[in-house]
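Engineer: Below you'll find the structure I mean.
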Amino acid sequence: MPADTLRIVPLGGLGEVGKNMTAFEADGEVLVVDAGLAFPRDEHLGVDLILPDFSYLRERAGRIRAVVLTHGHEDHVGALPYLLREVPIPQVWATRLTLGLVQSKLDEHGLMQAAELREADPEGGAIQLGPFRLEFVRVAHSIPDAVSIVLETDAGR
């Protein structure tokens, strides 16, 4: 893949409610935005949770730079413990409230040491994660401390 190419791979959350997860691939590295789950409907007898398909990320193990979370709703963070069990993730970035919710979830699953948890500060300016430049922008949502992410690579914004 040429250096100025960005591959965007929705792993869930497109055309459905829940399972929000998108992989961005540039310069041989992968950044994952959100790691959500979905709750079963009536026709899913015996199913407790519905997770995104992690196979794309398993195939790229060792090339994943980080998981970045936009907010603390389960459809955006609920699959994180399951992802961390299957795929090595060096860092998880999120705002303070989202990080607090995630810490509780990871502690419950015995995964507090699975990844370095990093606090994203929307007022602190952009951060650089390999070929990805990220800026966290506060947005209004039904949960506090939600952000959208401005993602920039050599391929553009």
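Please note that chains go A, B, ... in the order of the structure tokens, that every chain numbers its residues from 1, and that ligands are numbered from 1 in the order shown.
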With DSSP run on the backbone, what are the strand (DSSP E) residues within region 11-140 of chain A? I'd like them as a count of residues only.

Structural biologist: 36

Engineer: To one decimal in Å, tell me the separation between CA of Glu152 (chain A) and CA of Ala61 (chain A).

Structural biologist: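 CA of Glu152 (chain A) sits 22.3 Å away from CA of Ala61 (chain A).
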
Engineer: Write out as a list in words the residues lying within 9 Å of Arg85 (chain A), counting only C-alpha atoms and excluding same-chain residues fewer than 5 positions away.

Structural biologist: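 Here the answer would be Leu80, Leu111 and Ala114 of chain A.
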
Engineer: Keeping only N, CA and C atoms, write those residues as a compact mmCIF listing (two decimals), in the first residue's frame.

Structural biologist:
```txt
# COMPACT_ATOMS: atom_id res chain seq x y z
N LEU A 80 -14.33 -3.97 24.22
CA LEU A 80 -12.89 -3.79 24.48
C LEU A 80 -12.28 -4.96 25.26
N LEU A 111 -8.24 -7.54 33.25
CA LEU A 111 -7.42 -7.11 32.12
C LEU A 111 -6.80 -5.73 32.32
N ALA A 114 -3.58 -5.24 30.43
CA ALA A 114 -3.57 -5.69 29.03
C ALA A 114 -3.11 -4.60 28.06
```

Engineer: Could you check the closest approach to Ser104 (chain A) for each of A:Glu135, A:Pro88, A:Asp121, A:Pro81 and tell me which residue wins, using only C-alpha atoms?

Structural biologist: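 Of A:Glu135, A:Pro88, A:Asp121, A:Pro81, the one nearest Ser104 (chain A) is A:Pro81, counting only C-alpha atoms.
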
Engineer: Could you please write out, as a ChimeraX atom specification, every residue of chain A that DSSP assigns to alpha helix (DSSP H)?

Structural biologist: /A:55-58,74-77,80-86,96-108

Engineer: In Å, rounded to a single decimal, give me how far CA of Arg118 (chain A) is from CA of Ala94 (chain A).

Structural biologist: 6.6 Å

Engineer: Taking 2 positions as the minimum chain separation for residues in the same chain, which residues sit within 6 Å of Asp4 (chain A) when counting only C-alpha atoms? Answer as a PyMOL selection string.

Structural biologist: chain A and resi 2+154-155
